[in-house]
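Shown next: entry.pdb, containing PDB, C-alpha atoms.
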```pdb
MODEL        1
ATOM      1  CA  MET Z   1       0.000   0.000   0.000
ATOM      2  CA  LYS Z   2       1.419   3.354  -1.016
ATOM      3  CA  LYS Z   3       2.328   5.957   1.595
ATOM      4  CA  ILE Z   4       1.046   9.498   1.923
ATOM      5  CA  LEU Z   5       3.416  12.431   2.480
ATOM      6  CA  VAL Z   6       1.985  15.446   4.364
ATOM      7  CA  VAL Z   7       4.015  18.645   4.016
ATOM      8  CA  ASP Z   8       3.078  21.544   6.327
ATOM      9  CA  ASP Z   9       5.111  23.677   8.734
ATOM     10  CA  ALA Z  10       2.225  23.679  11.267
ATOM     11  CA  SER Z  11       2.363  20.454  13.264
ATOM     12  CA  PHE Z  12      -1.279  20.913  14.280
ATOM     13  CA  GLN Z  13      -2.317  21.072  10.638
ATOM     14  CA  ARG Z  14      -0.395  17.857   9.905
ATOM     15  CA  THR Z  15      -2.085  16.199  12.910
ATOM     16  CA  MET Z  16      -5.514  17.312  11.697
ATOM     17  CA  ILE Z  17      -4.920  15.966   8.205
ATOM     18  CA  ILE Z  18      -3.579  12.661   9.516
ATOM     19  CA  ARG Z  19      -6.605  12.232  11.791
ATOM     20  CA  ILE Z  20      -8.958  12.891   8.882
ATOM     21  CA  ILE Z  21      -7.132  10.300   6.765
ATOM     22  CA  GLN Z  22      -7.297   7.731   9.563
ATOM     23  CA  LYS Z  23     -10.936   8.424  10.434
ATOM     24  CA  ALA Z  24     -11.862   8.094   6.757
ATOM     25  CA  GLY Z  25     -10.580   4.539   6.955
ATOM     26  CA  PHE Z  26      -7.446   4.883   4.857
ATOM     27  CA  GLU Z  27      -4.761   2.590   6.218
ATOM     28  CA  ASN Z  28      -1.883   4.101   4.287
ATOM     29  CA  GLU Z  29       1.165   4.982   6.353
ATOM     30  CA  VAL Z  30       1.625   8.734   6.584
ATOM     31  CA  LEU Z  31       5.008  10.433   6.385
ATOM     32  CA  GLU Z  32       5.507  14.048   7.453
ATOM     33  CA  ALA Z  33       7.724  16.952   6.434
ATOM     34  CA  VAL Z  34       7.877  20.440   7.965
ATOM     35  CA  ASP Z  35       8.612  22.315   4.733
ATOM     36  CA  GLY Z  36       9.645  21.897   1.111
ATOM     37  CA  GLU Z  37      13.296  21.162   1.904
ATOM     38  CA  ALA Z  38      12.414  18.408   4.365
ATOM     39  CA  ALA Z  39       9.900  17.072   1.847
ATOM     40  CA  ILE Z  40      12.669  16.690  -0.751
ATOM     41  CA  GLN Z  41      14.538  14.375   1.615
ATOM     42  CA  VAL Z  42      11.466  12.309   2.429
ATOM     43  CA  LEU Z  43      10.278  12.108  -1.170
ATOM     44  CA  GLY Z  44      13.742  11.406  -2.558
ATOM     45  CA  THR Z  45      14.340   8.480  -0.206
ATOM     46  CA  ASN Z  46      10.800   7.047  -0.391
ATOM     47  CA  PHE Z  47       9.764   7.865  -3.959
ATOM     48  CA  ARG Z  48       8.922   4.279  -4.872
ATOM     49  CA  ASN Z  49       6.460   3.992  -1.976
ATOM     50  CA  ILE Z  50       4.749   7.378  -1.945
ATOM     51  CA  GLY Z  51       1.408   7.469  -3.688
ATOM     52  CA  LEU Z  52       0.169  10.933  -2.701
ATOM     53  CA  VAL Z  53       1.610  14.231  -1.454
ATOM     54  CA  LEU Z  54      -0.514  16.774   0.446
ATOM     55  CA  CYS Z  55       1.363  20.062   0.411
ATOM     56  CA  ASP Z  56       0.910  23.457   2.052
ATOM     57  CA  TRP Z  57       2.023  26.634   0.264
ATOM     58  CA  ASN Z  58       3.524  29.083   2.791
ATOM     59  CA  MET Z  59       6.401  27.369   4.553
ATOM     60  CA  PRO Z  60       9.826  28.511   5.741
ATOM     61  CA  ARG Z  61      13.032  27.563   3.892
ATOM     62  CA  MET Z  62      11.138  26.345   0.818
ATOM     63  CA  THR Z  63       7.538  27.080  -0.122
ATOM     64  CA  GLY Z  64       5.125  24.517  -1.478
ATOM     65  CA  LEU Z  65       5.273  26.231  -4.853
ATOM     66  CA  GLU Z  66       9.062  25.905  -5.045
ATOM     67  CA  PHE Z  67       8.793  22.264  -3.983
ATOM     68  CA  ILE Z  68       6.228  21.243  -6.608
ATOM     69  CA  GLU Z  69       8.118  23.196  -9.282
ATOM     70  CA  GLY Z  70      11.222  21.082  -8.599
ATOM     71  CA  VAL Z  71       9.271  17.827  -8.377
ATOM     72  CA  ALA Z  72       7.709  18.474 -11.794
ATOM     73  CA  LYS Z  73      11.201  18.475 -13.365
ATOM     74  CA  VAL Z  74      12.193  14.999 -12.105
ATOM     75  CA  PRO Z  75      10.653  12.159 -14.156
ATOM     76  CA  SER Z  76      10.841   9.580 -11.330
ATOM     77  CA  VAL Z  77       8.565  11.645  -9.104
ATOM     78  CA  ALA Z  78       6.769  13.992 -11.516
ATOM     79  CA  ASN Z  79       3.768  11.681 -11.779
ATOM     80  CA  ILE Z  80       3.242  11.246  -8.040
ATOM     81  CA  PRO Z  81      -0.111  12.953  -7.365
ATOM     82  CA  ILE Z  82       0.278  16.204  -5.434
ATOM     83  CA  VAL Z  83      -2.659  18.030  -3.839
ATOM     84  CA  MET Z  84      -2.088  21.558  -2.557
ATOM     85  CA  VAL Z  85      -3.775  22.135   0.829
ATOM     86  CA  THR Z  86      -3.618  25.823   1.570
ATOM     87  CA  ALA Z  87      -5.449  28.954   2.703
ATOM     88  CA  LEU Z  88      -4.053  30.869  -0.308
ATOM     89  CA  TRP Z  89      -6.907  30.300  -2.691
ATOM     90  CA  THR Z  90      -6.903  33.357  -4.967
ATOM     91  CA  GLY Z  91      -7.234  32.725  -8.705
ATOM     92  CA  GLU Z  92      -3.728  34.049  -9.172
ATOM     93  CA  LYS Z  93      -2.250  31.549  -6.706
ATOM     94  CA  ILE Z  94      -4.142  28.605  -8.194
ATOM     95  CA  LYS Z  95      -2.894  29.602 -11.652
ATOM     96  CA  ALA Z  96       0.679  29.819 -10.336
ATOM     97  CA  ALA Z  97       0.413  26.352  -8.789
ATOM     98  CA  TYR Z  98      -0.756  24.743 -12.043
ATOM     99  CA  ALA Z  99       1.897  26.645 -13.974
ATOM    100  CA  ALA Z 100       4.552  25.211 -11.633
ATOM    101  CA  HIS Z 101       3.213  21.653 -11.903
ATOM    102  CA  SER Z 102       0.799  21.045 -14.775
ATOM    103  CA  ASN Z 103      -0.152  17.592 -13.443
ATOM    104  CA  LEU Z 104      -1.231  18.870 -10.023
ATOM    105  CA  ALA Z 105      -3.852  16.416  -8.792
ATOM    106  CA  GLY Z 106      -5.982  18.900  -6.912
ATOM    107  CA  TYR Z 107      -6.371  21.888  -4.636
ATOM    108  CA  VAL Z 108      -8.053  21.953  -1.206
ATOM    109  CA  LYS Z 109      -8.764  25.271   0.423
ATOM    110  CA  LYS Z 110      -8.260  25.725   4.182
ATOM    111  CA  PRO Z 111     -10.391  25.561   6.231
ATOM    112  CA  PHE Z 112     -11.796  22.323   4.907
ATOM    113  CA  THR Z 113     -14.219  19.748   6.208
ATOM    114  CA  PRO Z 114     -13.085  16.132   6.492
ATOM    115  CA  ASP Z 115     -15.439  15.289   3.606
ATOM    116  CA  GLN Z 116     -13.905  17.957   1.366
ATOM    117  CA  LEU Z 117     -10.440  16.492   1.846
ATOM    118  CA  LYS Z 118     -11.700  12.940   1.500
ATOM    119  CA  THR Z 119     -13.493  13.754  -1.779
ATOM    120  CA  VAL Z 120     -10.218  14.871  -3.329
ATOM    121  CA  ILE Z 121      -7.898  12.178  -2.008
ATOM    122  CA  GLU Z 122     -10.170   9.108  -2.122
ATOM    123  CA  PRO Z 123     -10.088   8.562  -5.904
ATOM    124  CA  ILE Z 124      -6.325   9.087  -5.926
ATOM    125  CA  LEU Z 125      -5.724   6.552  -3.158
ATOM    126  CA  GLN Z 126      -8.145   4.060  -4.660
ATOM    127  CA  ARG Z 127      -6.192   4.163  -7.930
ATOM    128  CA  GLN Z 128      -2.902   3.793  -6.044
ATOM    129  CA  ASN Z 129      -4.099   0.932  -3.857
TER     130      ASN Z 129
ATOM    131  CA  MET N   1     -17.162  51.255   1.959
ATOM    132  CA  GLU N   2     -15.288  52.601   4.999
ATOM    133  CA  LEU N   3     -12.264  50.643   6.194
ATOM    134  CA  ASN N   4     -13.978  49.885   9.512
ATOM    135  CA  ASP N   5     -16.867  48.257   7.682
ATOM    136  CA  MET N   6     -14.548  46.382   5.310
ATOM    137  CA  ILE N   7     -12.621  44.904   8.219
ATOM    138  CA  LYS N   8     -15.782  44.079  10.160
ATOM    139  CA  THR N   9     -17.255  42.308   7.147
ATOM    140  CA  ALA N  10     -14.015  40.463   6.335
ATOM    141  CA  LEU N  11     -13.717  39.335   9.967
ATOM    142  CA  ARG N  12     -17.302  38.126  10.253
ATOM    143  CA  GLU N  13     -17.208  36.288   6.941
ATOM    144  CA  SER N  14     -13.899  34.634   7.826
ATOM    145  CA  VAL N  15     -15.096  33.545  11.271
ATOM    146  CA  HIS N  16     -18.367  32.323   9.771
ATOM    147  CA  GLU N  17     -16.465  30.317   7.152
ATOM    148  CA  ALA N  18     -14.068  28.812   9.697
ATOM    149  CA  MET N  19     -16.830  27.837  12.126
ATOM    150  CA  THR N  20     -19.268  26.437   9.593
ATOM    151  CA  THR N  21     -16.488  24.481   7.890
ATOM    152  CA  LEU N  22     -14.687  23.168  10.973
ATOM    153  CA  PHE N  23     -17.598  22.765  13.380
ATOM    154  CA  SER N  24     -20.761  22.915  11.247
ATOM    155  CA  MET N  25     -21.870  25.762  13.531
ATOM    156  CA  THR N  26     -23.125  29.227  12.669
ATOM    157  CA  PRO N  27     -21.816  31.797  15.144
ATOM    158  CA  GLN N  28     -23.984  34.413  16.807
ATOM    159  CA  ILE N  29     -22.321  37.793  16.601
ATOM    160  CA  THR N  30     -22.224  40.494  19.273
ATOM    161  CA  GLU N  31     -20.687  43.882  18.652
ATOM    162  CA  MET N  32     -18.892  45.021  21.746
ATOM    163  CA  GLU N  33     -17.594  48.275  23.107
ATOM    164  CA  LEU N  34     -13.945  47.931  23.916
ATOM    165  CA  ASP N  35     -13.522  47.678  27.658
ATOM    166  CA  LEU N  36      -9.885  47.829  28.657
ATOM    167  CA  SER N  37     -10.699  46.688  32.168
ATOM    168  CA  ARG N  38     -11.682  43.250  30.869
ATOM    169  CA  GLU N  39      -9.313  40.530  31.880
ATOM    170  CA  TYR N  40      -8.480  37.463  29.858
ATOM    171  CA  THR N  41      -6.681  34.209  30.513
ATOM    172  CA  LEU N  42      -5.835  33.273  26.941
ATOM    173  CA  ILE N  43      -4.976  35.604  24.087
ATOM    174  CA  CYS N  44      -3.859  34.563  20.636
ATOM    175  CA  SER N  45      -2.410  37.295  18.430
ATOM    176  CA  LEU N  46      -1.646  37.519  14.727
ATOM    177  CA  GLY N  47       0.219  40.463  13.235
ATOM    178  CA  MET N  48      -0.775  42.258  10.048
ATOM    179  CA  VAL N  49       1.799  44.166   7.994
ATOM    180  CA  GLY N  50       1.042  46.027   4.815
ATOM    181  CA  ARG N  51      -1.442  48.648   3.700
ATOM    182  CA  VAL N  52      -3.474  47.587   6.732
ATOM    183  CA  GLU N  53      -1.227  47.237   9.753
ATOM    184  CA  GLY N  54      -2.063  45.985  13.218
ATOM    185  CA  ASN N  55      -3.070  42.832  15.079
ATOM    186  CA  ILE N  56      -5.917  40.382  15.114
ATOM    187  CA  LEU N  57      -6.485  39.046  18.614
ATOM    188  CA  ILE N  58      -8.727  36.246  19.696
ATOM    189  CA  THR N  59      -9.484  35.590  23.353
ATOM    190  CA  PHE N  60     -10.922  32.484  24.981
ATOM    191  CA  THR N  61     -11.307  30.905  28.329
ATOM    192  CA  GLY N  62      -9.047  27.872  28.687
ATOM    193  CA  GLU N  63     -12.108  25.642  28.711
ATOM    194  CA  HIS N  64     -13.441  26.996  25.434
ATOM    195  CA  ALA N  65     -10.023  26.808  23.820
ATOM    196  CA  CYS N  66      -9.891  23.099  24.724
ATOM    197  CA  CYS N  67     -13.419  22.641  23.374
ATOM    198  CA  ILE N  68     -12.550  24.244  20.037
ATOM    199  CA  VAL N  69      -9.392  22.213  19.589
ATOM    200  CA  ALA N  70     -11.113  18.976  20.627
ATOM    201  CA  LYS N  71     -13.631  19.589  17.851
ATOM    202  CA  MET N  72     -10.907  20.409  15.337
ATOM    203  CA  LEU N  73      -9.112  17.162  16.059
ATOM    204  CA  ASP N  74     -12.280  15.184  16.806
ATOM    205  CA  MET N  75     -10.754  13.823  19.980
ATOM    206  CA  GLU N  76     -10.958  14.377  23.722
ATOM    207  CA  ILE N  77      -8.653  17.032  25.146
ATOM    208  CA  ARG N  78      -7.958  17.379  28.842
ATOM    209  CA  GLY N  79      -6.220  20.476  30.054
ATOM    210  CA  PHE N  80      -4.254  23.161  28.281
ATOM    211  CA  THR N  81      -1.553  21.354  26.304
ATOM    212  CA  PRO N  82       0.787  22.363  23.460
ATOM    213  CA  ASP N  83      -1.848  20.852  21.119
ATOM    214  CA  VAL N  84      -4.390  23.382  22.382
ATOM    215  CA  SER N  85      -1.952  26.244  21.921
ATOM    216  CA  ASP N  86      -1.160  25.036  18.380
ATOM    217  CA  GLY N  87      -4.832  24.532  17.667
ATOM    218  CA  VAL N  88      -5.957  28.040  18.620
ATOM    219  CA  CYS N  89      -3.063  29.435  16.569
ATOM    220  CA  GLU N  90      -4.286  27.432  13.607
ATOM    221  CA  PHE N  91      -7.846  28.629  14.160
ATOM    222  CA  LEU N  92      -6.669  32.241  14.211
ATOM    223  CA  ASN N  93      -4.471  31.589  11.175
ATOM    224  CA  MET N  94      -7.534  30.480   9.230
ATOM    225  CA  ILE N  95      -9.440  33.596  10.241
ATOM    226  CA  GLY N  96      -6.477  35.844   9.442
ATOM    227  CA  GLY N  97      -5.930  34.130   6.097
ATOM    228  CA  GLY N  98      -9.577  34.586   5.218
ATOM    229  CA  MET N  99      -9.444  38.286   6.115
ATOM    230  CA  LYS N 100      -6.250  38.746   4.111
ATOM    231  CA  THR N 101      -7.814  37.248   1.002
ATOM    232  CA  ARG N 102     -11.006  39.290   1.326
ATOM    233  CA  LEU N 103      -9.240  42.596   1.971
ATOM    234  CA  ALA N 104      -6.674  42.042  -0.793
ATOM    235  CA  VAL N 105      -9.503  42.094  -3.319
ATOM    236  CA  LEU N 106     -10.430  45.551  -1.982
ATOM    237  CA  ASN N 107      -6.844  46.808  -2.360
ATOM    238  CA  HIS N 108      -6.262  46.706   1.402
ATOM    239  CA  ASP N 109      -3.737  43.923   1.480
ATOM    240  CA  PHE N 110      -1.462  42.793   4.263
ATOM    241  CA  ASP N 111       0.745  39.892   5.196
ATOM    242  CA  ILE N 112       0.214  37.893   8.360
ATOM    243  CA  ASN N 113       2.902  36.515  10.617
ATOM    244  CA  ILE N 114       3.082  33.493  12.905
ATOM    245  CA  PRO N 115       0.406  33.572  15.634
ATOM    246  CA  LEU N 116       1.415  33.866  19.267
ATOM    247  CA  VAL N 117      -0.447  32.540  22.301
ATOM    248  CA  VAL N 118      -0.219  34.104  25.735
ATOM    249  CA  GLU N 119      -1.762  32.248  28.649
ATOM    250  CA  GLY N 120      -1.976  33.516  32.185
ATOM    251  CA  ASN N 121      -4.222  35.270  34.639
ATOM    252  CA  SER N 122      -5.666  38.775  34.477
ATOM    253  CA  LEU N 123      -4.268  39.600  31.056
ATOM    254  CA  ASN N 124      -5.097  43.085  29.816
ATOM    255  CA  PHE N 125      -4.095  44.824  26.665
ATOM    256  CA  PHE N 126      -3.716  48.513  25.916
ATOM    257  CA  GLN N 127      -4.866  50.309  22.819
ATOM    258  CA  ARG N 128      -2.478  52.613  20.970
ATOM    259  CA  LYS N 129      -3.993  56.024  20.401
ATOM    260  CA  ASP N 130      -3.299  56.084  16.654
ATOM    261  CA  MET N 131      -5.028  52.766  15.998
ATOM    262  CA  SER N 132      -8.667  51.879  15.535
ATOM    263  CA  VAL N 133     -10.291  48.931  17.265
ATOM    264  CA  ILE N 134     -13.111  46.568  16.405
ATOM    265  CA  HIS N 135     -14.261  44.319  19.246
ATOM    266  CA  THR N 136     -16.660  41.492  18.413
ATOM    267  CA  GLY N 137     -18.025  38.507  20.318
ATOM    268  CA  PHE N 138     -18.845  35.194  18.641
ATOM    269  CA  THR N 139     -20.835  32.467  20.367
ATOM    270  CA  CYS N 140     -22.333  29.151  19.485
ATOM    271  CA  LYS N 141     -23.893  26.282  21.364
ATOM    272  CA  ASP N 142     -20.668  24.930  22.857
ATOM    273  CA  PHE N 143     -18.224  27.815  23.127
ATOM    274  CA  GLY N 144     -17.588  31.503  22.602
ATOM    275  CA  PHE N 145     -14.694  33.858  21.975
ATOM    276  CA  GLU N 146     -13.965  37.503  21.352
ATOM    277  CA  THR N 147     -11.981  39.042  18.560
ATOM    278  CA  ILE N 148     -10.194  42.364  18.799
ATOM    279  CA  VAL N 149      -8.840  43.837  15.575
ATOM    280  CA  ILE N 150      -6.461  46.746  16.119
ATOM    281  CA  PHE N 151      -5.479  48.497  12.918
ATOM    282  CA  LYS N 152      -4.460  51.513  10.967
ATOM    283  CA  LEU N 153      -4.502  52.137   7.239
ATOM    284  CA  HIS N 154      -1.422  53.458   5.511
ATOM    285  CA  GLU N 155      -1.948  55.798   2.596
ATOM    286  CA  GLU N 156      -1.077  54.108  -0.678
ATOM    287  CA  GLY N 157       2.671  54.257  -1.176
ATOM    288  CA  THR N 158       3.475  54.923   2.477
ATOM    289  CA  GLN N 159       2.958  51.444   3.895
ATOM    290  CA  PRO N 160       5.927  49.549   5.305
ATOM    291  CA  LYS N 161       7.810  47.921   2.447
ATOM    292  CA  LYS N 162       6.914  44.307   1.946
ATOM    293  CA  GLN N 163       9.921  42.100   2.538
ATOM    294  CA  ALA N 164       9.835  39.574  -0.256
ATOM    295  CA  LEU N 165      10.355  36.089   1.118
ATOM    296  CA  PRO N 166      13.782  34.979  -0.008
ATOM    297  CA  LYS N 167      13.549  32.201  -2.564
ATOM    298  CA  SER N 168      15.092  28.974  -1.479
ATOM    299  CA  ASN N 169      18.487  28.501  -3.105
ATOM    300  CA  VAL N 170      18.127  24.731  -2.972
ATOM    301  CA  ASP N 171      18.173  23.025  -6.348
ATOM    302  CA  THR N 172      15.082  20.883  -5.732
ATOM    303  CA  ALA N 173      15.323  18.859  -8.927
ATOM    304  CA  GLY N 174      19.071  18.331  -8.458
ATOM    305  CA  MET N 175      18.651  17.153  -4.867
ATOM    306  CA  LEU N 176      15.817  14.818  -5.793
ATOM    307  CA  ASN N 177      17.830  13.355  -8.666
ATOM    308  CA  ARG N 178      20.794  12.713  -6.346
ATOM    309  CA  LEU N 179      18.614  11.005  -3.731
ATOM    310  CA  ILE N 180      16.880   8.903  -6.362
ATOM    311  CA  LYS N 181      20.212   7.924  -7.963
ATOM    312  CA  ASP N 182      21.596   6.916  -4.529
ATOM    313  CA  ASP N 183      18.580   4.698  -4.096
ATOM    314  CA  SER N 184      18.994   2.846  -7.389
ATOM    315  CA  PRO N 185      20.429  -0.727  -7.254
ATOM    316  CA  ASN N 186      23.418   0.274  -9.394
ATOM    317  CA  ALA N 187      24.332   3.326  -7.291
TER     318      ALA N 187
ENDMDL
END
```
Conversion result in structure tokens:
Amino acid sequence: MKKILVVDDASFQRTMIIRIIQKAGFENEVLEAVDGEAAIQVLGTNFRNIGLVLCDWNMPRMTGLEFIEGVAKVPSVANIPIVMVTALWTGEKIKAAYAAHSNLAGYVKKPFTPDQLKTVIEPILQRQN
Amino acid sequence: MELNDMIKTALRESVHEAMTTLFSMTPQITEMELDLSREYTLICSLGMVGRVEGNILITFTGEHACCIVAKMLDMEIRGFTPDVSDGVCEFLNMIGGGMKTRLAVLNHDFDINIPLVVEGNSLNFFQRKDMSVIHTGFTCKDFGFETIVIFKLHEEGTQPKKQALPKSNVDTAGMLNRLIKDDSPNA
């Protein structure tokens, strides 16, 4: 079963997302990263086993946008589904995200209900599993 | 629309969105007169820098803070823990982010910084004379809190300069390629 990588500098936000995933019944192991730079390490060393990345935008050291831009350039990981989970939901930001990574799998706006997150990630995880 | 009204509307809409989304609850709103003699035990503060400058404060009792965070995590919470502190910061972050987005559309943009929580007894705050204040109470079936928005508007062109976030100088693709190569059987 593929793993899920959650990238967010707020530990509470990561905890919330993980609880939603678990309560929704997904048994995938969840890996965590505190920002884009940490996510590179986790993704680079686990790329064969990661089936989904949930990524925040505003993070120290490396933003979510910079992270997905780099991921899109590496064939081994470019097709791993990435869903942006962020409060920055202006049209301009959404456009920038898709420009950085044209295969972005989705966009979830904070605050979100458990069902809103589940609706986006369920089809992705079902395909992976 | 006057700035006061824009901020009031942005605040109410953001709180409404956060509470209906996170808790499926519609808040009742009470406009309040600022009373500097009021004492609080928990204050969470978020700074605003930009055309609109100031702070967004949210105050709770410890009990209501625990209640809010327990609902956010859908688990039981006993006592004021680092999780509760993180949780109220996240709650305020959502409200601040919502206000930022709404006011940016009206050309009154600002950046927000990392929220701060102060817990204690008999906490007061003092209003600066050059700043305006909006004090609002929000209640629902299970908890309540107050928000205090302290702000001033800079004339266009006179606001503090926005510090652009430095771009990371990490070569993401290069690093990923190296890690992936190290992982290959022939590495």
Could you list, as number ranges by chain, the residues of chain N having an atom within 7 Å of chain Z when counting only C-alpha atoms?
-> N: 18, 21-22, 73, 83, 86-87, 94, 97, 168, 172-173, 176-177, 179-180, 183
Suppose we keep C-alpha atoms; can you now write the selection as a tab-separated table (two decimals), in the frame of the given file?
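again05.tsv, freshly written:
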```
chain	number	residue	atom	x	y	z
N	18	ALA	CA	-14.07	28.81	9.70
N	21	THR	CA	-16.49	24.48	7.89
N	22	LEU	CA	-14.69	23.17	10.97
N	73	LEU	CA	-9.11	17.16	16.06
N	83	ASP	CA	-1.85	20.85	21.12
N	86	ASP	CA	-1.16	25.04	18.38
N	87	GLY	CA	-4.83	24.53	17.67
N	94	MET	CA	-7.53	30.48	9.23
N	97	GLY	CA	-5.93	34.13	6.10
N	168	SER	CA	15.09	28.97	-1.48
N	172	THR	CA	15.08	20.88	-5.73
N	173	ALA	CA	15.32	18.86	-8.93
N	176	LEU	CA	15.82	14.82	-5.79
N	177	ASN	CA	17.83	13.36	-8.67
N	179	LEU	CA	18.61	11.00	-3.73
N	180	ILE	CA	16.88	8.90	-6.36
N	183	ASP	CA	18.58	4.70	-4.10
```
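The space separating atom CA of Z:Ile121 from atom CA of Z:Ile82 comes to 9.7 Å.
The gap separating atom CA of N:Gly96 from atom CA of N:Arg128 is 20.7 Å, in Å to one decimal.
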Selection result of the PyMOL selection byres ((chain N and resi 28-30) around 6) on this file, as a ChimeraX atom specification = /N:27,31,136-139
Spell out the residues picked by the PyMOL selection byres ((chain N and resi 118) around 7) here, as JSON, numbers by chain.
-> {"N": [42, 43, 44, 116, 117, 119, 120]}
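What the PyMOL selection byres ((chain N and resi 59) around 7) matches in the given file is Tyr40, Leu42, Ile43, Cys44, Leu57, Ile58, Phe60, Phe145, Glu146 and Thr147 of chain N.
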Give as a list in words the set of residues within 10 Å of the point (-8.8, 23.0, 19.4), where distances use the file's coordinates and all atoms listed in the file.
-> Phe12 of chain Z; His64, Ala65, Cys66, Cys67, Ile68, Val69, Ala70, Lys71, Met72, Leu73, Asp74, Met75, Glu76, Ile77, Phe80, Asp83, Val84, Ser85, Asp86, Gly87, Val88, Cys89, Glu90 and Phe91 of chain N
Quick one: pull the distance between atom CA of Z:Asp115 and atom CA of N:Ile56, Å, one decimal.
-> 29.2 Å
Fewer than 5 positions away in the same chain doesn't count, so skip those; otherwise give me all residues within 9 Å of N:Arg102, counting all atoms listed in the file, as a ChimeraX atom specification.
-> /N:6,10,13-14,97,108-109
Nearest to Z:Leu117 by atom-to-atom distance, counting only C-alpha atoms, from Z:Ala97, Z:Met84, Z:Ala78, Z:Lys3 = Z:Met84
